[in-house]
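Q: If it helps, the file is called run-v5.txt and holds compact mmCIF, C-alpha atoms:
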```txt
# COMPACT_ATOMS: atom_id res chain seq x y z
CA MET A 1 33.87 -26.60 -3.30
CA SER A 2 35.01 -28.19 -6.54
CA LYS A 3 33.77 -27.02 -9.93
CA HIS A 4 32.68 -30.60 -10.63
CA LEU A 5 30.39 -30.64 -7.59
CA ILE A 6 28.93 -27.25 -8.50
CA ALA A 7 28.19 -28.52 -12.01
CA ALA A 8 26.59 -31.67 -10.59
CA LEU A 9 24.32 -29.67 -8.30
CA ILE A 10 23.25 -27.23 -11.00
CA GLY A 11 22.58 -30.18 -13.30
CA LEU A 12 20.15 -31.60 -10.75
CA LEU A 13 17.90 -28.52 -10.96
CA PRO A 14 15.06 -29.42 -13.33
CA VAL A 15 13.03 -27.34 -15.69
CA ALA A 16 9.50 -26.93 -14.37
CA GLY A 17 7.44 -30.06 -14.62
CA SER A 18 10.29 -32.43 -15.46
CA ALA A 19 10.84 -35.67 -13.56
CA GLN A 20 14.16 -36.30 -11.87
CA THR A 21 15.68 -39.13 -9.87
CA PHE A 22 17.72 -37.70 -7.02
CA SER A 23 21.07 -39.00 -5.83
CA VAL A 24 23.83 -37.33 -3.87
CA PRO A 25 27.18 -36.44 -5.49
CA ASP A 26 30.15 -38.80 -5.14
CA GLY A 27 31.87 -38.59 -1.76
CA CYS A 28 28.65 -37.68 0.04
CA GLU A 29 26.06 -39.60 2.04
CA GLY A 30 22.39 -39.03 2.81
CA VAL A 31 21.45 -38.06 6.36
CA VAL A 32 17.67 -37.73 6.52
CA THR A 33 14.62 -37.04 4.36
CA VAL A 34 11.86 -34.81 5.74
CA GLN A 35 8.35 -34.79 4.28
CA GLN A 36 6.74 -31.45 5.15
CA LYS A 37 3.41 -29.72 4.72
CA GLY A 38 2.77 -27.53 1.69
CA CYS A 39 4.04 -30.16 -0.77
CA LEU A 40 7.65 -29.73 0.37
CA LEU A 41 10.24 -32.49 0.59
CA VAL A 42 13.71 -31.93 2.05
CA ASN A 43 16.72 -34.21 1.49
CA ILE A 44 19.80 -33.59 3.63
CA TRP A 45 23.29 -34.95 3.00
CA GLN A 46 26.90 -34.40 4.04
CA CYS A 47 30.18 -34.70 2.16
CA SER A 48 33.53 -36.00 3.37
CA ALA A 49 35.46 -33.12 1.73
CA ASP A 50 33.55 -30.45 3.71
CA PRO A 51 34.38 -29.11 7.17
CA GLU A 52 32.83 -31.11 10.02
CA GLY A 53 29.19 -30.18 10.57
CA ASP A 54 28.54 -28.83 7.07
CA LYS A 55 25.38 -30.12 5.40
CA TRP A 56 23.61 -29.81 2.07
CA ILE A 57 19.86 -29.32 1.83
CA GLY A 58 17.84 -30.13 -1.28
CA LEU A 59 14.31 -28.68 -1.49
CA PHE A 60 11.72 -30.38 -3.71
CA SER A 61 8.28 -29.35 -4.92
CA GLU A 62 5.94 -31.30 -7.19
CA ALA A 63 8.01 -30.04 -10.15
CA GLY A 64 11.22 -31.49 -8.70
CA LEU A 65 14.37 -30.14 -7.09
CA TYR A 66 14.32 -26.34 -7.06
CA SER A 67 17.01 -25.31 -4.56
CA VAL A 68 20.24 -26.72 -3.09
CA GLN A 69 21.64 -24.99 0.00
CA HIS A 70 24.96 -25.45 1.78
CA VAL A 71 25.06 -24.66 5.51
CA ASP A 72 27.69 -25.01 8.24
CA ARG A 73 27.26 -26.36 11.79
CA GLU A 74 26.03 -22.93 12.94
CA PHE A 75 23.42 -22.94 10.17
CA GLN A 76 25.08 -20.13 8.30
CA TRP A 77 23.73 -20.21 4.74
CA LEU A 78 27.07 -20.46 2.91
CA GLU A 79 25.83 -20.86 -0.66
CA ALA A 80 22.78 -21.83 -2.65
CA PHE A 81 21.97 -22.96 -6.18
CA LYS A 82 18.48 -22.09 -7.45
CA MET A 83 16.58 -21.79 -10.69
CA SER A 84 17.06 -18.02 -10.32
CA GLY A 85 20.85 -18.33 -9.98
CA SER A 86 23.57 -18.98 -7.44
CA GLU A 87 24.03 -17.16 -4.12
CA ALA A 88 26.90 -16.97 -1.61
CA LEU A 89 27.44 -15.62 1.89
CA VAL A 90 29.85 -12.67 2.09
CA GLN A 91 32.31 -13.58 4.85
CA PRO A 92 32.96 -12.63 7.53
CA ALA A 93 29.39 -11.68 8.41
CA ASP A 94 28.78 -8.62 10.57
CA ASP A 95 26.81 -10.75 13.04
CA PRO A 96 27.00 -14.41 11.99
CA ALA A 97 24.03 -16.68 12.54
CA SER A 98 24.87 -19.04 15.41
CA MET A 99 23.04 -22.24 16.29
CA THR A 100 25.27 -22.45 19.39
CA GLU A 101 24.05 -19.05 20.65
CA LEU A 102 20.44 -20.01 20.04
CA LEU A 103 20.65 -23.37 21.85
CA GLU A 104 22.72 -22.07 24.77
CA ASN A 105 21.09 -18.67 25.35
CA GLY A 106 17.69 -18.96 23.70
CA LEU A 107 18.35 -15.98 21.39
CA ASP A 108 20.50 -15.37 18.35
CA THR A 109 20.71 -12.14 16.36
CA TYR A 110 22.19 -12.02 12.88
CA GLU A 111 23.25 -9.62 10.16
CA PHE A 112 24.85 -10.83 6.96
CA VAL A 113 25.09 -10.13 3.24
CA ILE A 114 24.18 -12.59 0.49
CA ASP A 115 25.84 -11.99 -2.88
CA LYS A 116 23.29 -12.79 -5.61
CA GLU A 117 23.51 -12.53 -9.36
CA SER A 118 20.94 -9.71 -9.18
CA GLY A 119 22.97 -7.82 -6.54
CA ALA A 120 23.91 -8.06 -2.88
CA GLU A 121 21.16 -8.27 -0.23
CA ARG A 122 21.57 -7.68 3.52
CA THR A 123 19.53 -9.74 6.01
CA VAL A 124 19.00 -8.58 9.60
CA GLY A 125 16.95 -10.34 12.26
CA PHE A 126 16.78 -12.70 15.21
CA ASP A 127 15.72 -16.21 16.24
CA THR A 128 14.49 -16.97 19.75
CA LEU A 129 13.41 -20.20 21.44
CA THR A 130 9.78 -20.10 22.58
CA GLY A 131 10.17 -22.84 25.21
CA VAL A 132 7.84 -25.11 23.26
CA GLU A 133 9.21 -28.60 22.70
CA THR A 134 7.50 -31.23 20.61
CA VAL A 135 8.07 -34.61 19.00
CA ILE A 136 7.09 -35.08 15.34
CA ASP A 137 7.34 -38.62 13.98
CA GLY A 138 9.72 -39.52 16.81
CA GLU A 139 11.97 -36.47 16.21
CA PRO A 140 12.48 -34.07 19.19
CA LEU A 141 12.16 -30.47 17.99
CA LEU A 142 12.35 -27.02 19.57
CA GLN A 143 10.10 -24.18 18.41
CA THR A 144 11.59 -20.81 17.51
CA GLU A 145 10.15 -17.43 16.62
CA PHE A 146 11.89 -15.14 14.16
CA GLU A 147 11.64 -11.68 12.68
CA GLY A 148 13.79 -10.44 9.84
CA GLN A 149 14.11 -8.06 6.97
CA THR A 150 16.01 -8.12 3.70
CA LEU A 151 17.56 -4.90 2.43
CA ALA A 152 18.85 -3.92 -1.00
CA GLU A 153 22.29 -2.35 -1.43
CA ASP A 154 20.73 1.13 -1.25
CA GLY A 155 19.10 0.30 2.10
CA SER A 156 15.56 -0.05 0.79
CA VAL A 157 13.48 -2.84 2.29
CA ILE A 158 12.87 -5.79 -0.02
CA ASP A 159 11.06 -8.03 2.43
CA MET A 160 9.96 -8.12 6.08
CA SER A 161 8.79 -11.40 7.56
CA GLY A 162 8.18 -13.29 10.77
CA GLY A 163 7.12 -16.70 11.90
CA ARG A 164 7.84 -19.81 13.88
CA GLN A 165 10.22 -22.57 12.83
CA TRP A 166 11.45 -25.87 14.21
CA VAL A 167 15.02 -26.65 15.27
CA SER A 168 16.66 -30.06 15.62
CA ALA A 169 19.43 -29.86 18.21
CA LYS A 170 20.61 -33.31 17.08
CA HIS A 171 21.11 -32.27 13.47
CA ARG A 172 21.75 -28.55 14.21
CA LEU A 173 19.26 -27.66 11.50
CA PHE A 174 16.22 -25.44 11.08
CA PHE A 175 13.06 -26.75 9.45
CA PHE A 176 10.32 -24.56 8.01
CA GLY A 177 7.26 -23.98 10.17
CA GLU A 178 4.70 -21.21 9.98
CA SER A 179 5.69 -17.91 8.36
CA TRP A 180 4.07 -14.67 7.21
CA ASP A 181 4.82 -11.29 5.70
CA ALA A 182 5.12 -8.57 8.34
CA GLY A 183 2.37 -6.52 6.70
CA ASN A 184 -0.11 -9.41 6.59
CA PRO A 185 0.45 -11.84 9.49
CA GLU A 186 -3.02 -13.37 9.06
CA ALA A 187 -1.99 -14.84 5.69
CA SER A 188 0.47 -17.40 7.03
CA VAL A 189 1.96 -20.44 5.32
CA ASP A 190 2.63 -23.63 7.30
CA LEU A 191 5.38 -25.92 5.96
CA SER A 192 6.02 -27.83 9.20
CA PRO A 193 7.61 -31.31 9.16
CA VAL A 194 5.35 -34.36 9.10
CA GLU A 195 7.71 -37.33 8.62
CA PHE A 196 11.42 -37.92 9.26
CA ILE A 197 12.83 -40.77 7.15
CA TYR A 198 16.25 -42.32 7.72
CA PRO A 199 18.44 -44.70 5.67
CA ASP A 200 16.89 -48.14 5.14
CA GLU A 201 13.40 -46.72 5.69
CA ALA A 202 10.87 -46.54 2.86
CA GLY A 203 10.88 -43.13 1.21
CA PHE A 204 14.46 -42.21 2.15
CA PHE A 205 15.84 -39.77 -0.44
CA SER A 206 12.65 -39.77 -2.43
CA GLU A 207 12.17 -36.85 -4.80
CA ASN A 208 8.37 -36.83 -4.38
CA PRO A 209 6.68 -34.67 -1.74
CA LYS A 210 3.36 -36.11 -0.60
CA PHE A 211 1.58 -33.80 1.86
CA GLU A 212 -0.87 -31.14 0.65
CA CYS A 213 0.31 -31.37 -2.94
CA GLY A 214 -2.04 -29.66 -5.36
CA VAL A 215 -3.54 -27.75 -2.43
CA ILE A 216 -0.92 -25.25 -1.28
CA GLU A 217 1.66 -23.66 -3.56
CA SER A 218 4.90 -23.23 -1.65
CA ARG A 219 6.07 -19.65 -1.74
CA PHE A 220 9.66 -20.84 -1.27
CA THR A 221 9.95 -22.18 -4.84
CA LYS A 222 11.70 -19.04 -6.07
```
Spit out the file's structure as C-alpha cells when you get a sec.

A:
Amino acid sequence: MSKHLIAALIGLLPVAGSAQTFSVPDGCEGVVTVQQKGCLLVNIWQCSADPEGDKWIGLFSEAGLYSVQHVDREFQWLEAFKMSGSEALVQPADDPASMTELLENGLDTYEFVIDKESGAERTVGFDTLTGVETVIDGEPLLQTEFEGQTLAEDGSVIDMSGGRQWVSAKHRLFFFGESWDAGNPEASVDLSPVEFIYPDEAGFFSENPKFECGVIESRFTK
C-alpha cells in the first residue's frame, strides 16, 4: 500500500469527540454501510490498486472513526490503523484464516501473529457455522460461533474470548454479533447488524452511528 494512502487513513482518525466527514481515498469506492447495535457504524470500501477481494473496513463510534482495517477475500486481517497505533499480519501465517474453509466445511481454525507497536501477539482459535441462517434488513447472513485466545510473545495469555458473529457469503465478510470474555460469559456485548445501506440509499457512508448510542459503550473502541 502506498505511503500516501497510509497517511490519508491515519489522518482520518479523529481525536476523541471531534467531528469528521468521511470519504474514501482516491481510487476507491464504497461498498456498503452497516448500522449495528452498541452505537457502532461500519463503512466498507474497496480499492482498484488492491488484489481482487480485498476490502477496507472503517469502524465508527459516537466520537468518530477509530479503526481502519484491511482484509483480503479470506478475511485475513492484513493491517489496521487505530488510535493506539498500526498493526500488521506477519505472513505467512501458521494457519491462515480462511473464509473458503468456513463456508465449504463449516469450520475454520486459525493461528497467526499480529505485529503491533507494543509487540507481537499470537492469536489462536476457530470459527464454526451454527446452521442458523437469518435475514437482517434484506441481507442473508450465516451465524458462526468462535473461541479464541491472544498470547504475548512469552506465551502468556492476554485475552480469551468467545461469541457468535454473522457472516455474509456475498461480501465474504464477518460482522460483529454477541461476544464475551471466557471468564465471564454472562457479561456479553451484542453489536449485531441492524441496517445494511447501499449506494444511492439514505445514510450510505454516514459517519454517525444511530443505534443504542449513549446506552452501550463499545468495548471495541481500543

Q: What does the structure give for the distance between CA of Ala88 in chain A and CA of Lys116 in chain A, in Å to one decimal?

A: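 So the answer is 6.8 Å.
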
Q: Can you tell me how far CA of Pro92 in chain A sits from CA of Gly155 in chain A, in Å to one decimal?

A: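 Rounded to one decimal, the two atoms are 19.7 Å apart.
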
Q: Give me the residues within 9 Å of Pro199 in chain A as a ChimeraX atom specification, counting all atoms listed in the file and dropping any in the same chain fewer than 6 places off.

A: /A:30-33,205

Q: In Å, with one decimal, what is the gap from CA of Ile197 in chain A to CA of Pro209 in chain A?

A: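 Between these atoms lies a distance of 12.4 Å.
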
Q: Within 6 Å of range 76-87 of chain A, counting only C-alpha atoms, which residues qualify if same-chain residues fewer than 5 places away don't, as a PyMOL selection string?

A: chain A and resi 66-71+97+115-116

Q: Which of these residues is nearest to Glu133 in chain A, using all atoms listed in the file: A:Trp166, A:Phe211, A:Tyr198, A:Phe174?

A: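 Comparing A:Trp166, A:Phe211, A:Tyr198, A:Phe174 against Glu133 in chain A, the winner is A:Trp166.
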
Q: Point out the residue among A:Val34, A:Leu141, A:Leu40, A:Met99 with the least atom-to-atom distance to Ala63 in chain A, counting all atoms listed in the file.

A: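 Between A:Val34, A:Leu141, A:Leu40, A:Met99, the residue approaching Ala63 in chain A most closely is A:Leu40.
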
Q: Excluding range 46-55 of chain A and any residue of its chain fewer than 3 positions from it, enumerate the residues within 6 Å of it, using all atoms listed in the file, and give them as a ChimeraX atom specification.

A: /A:27-29,70-73
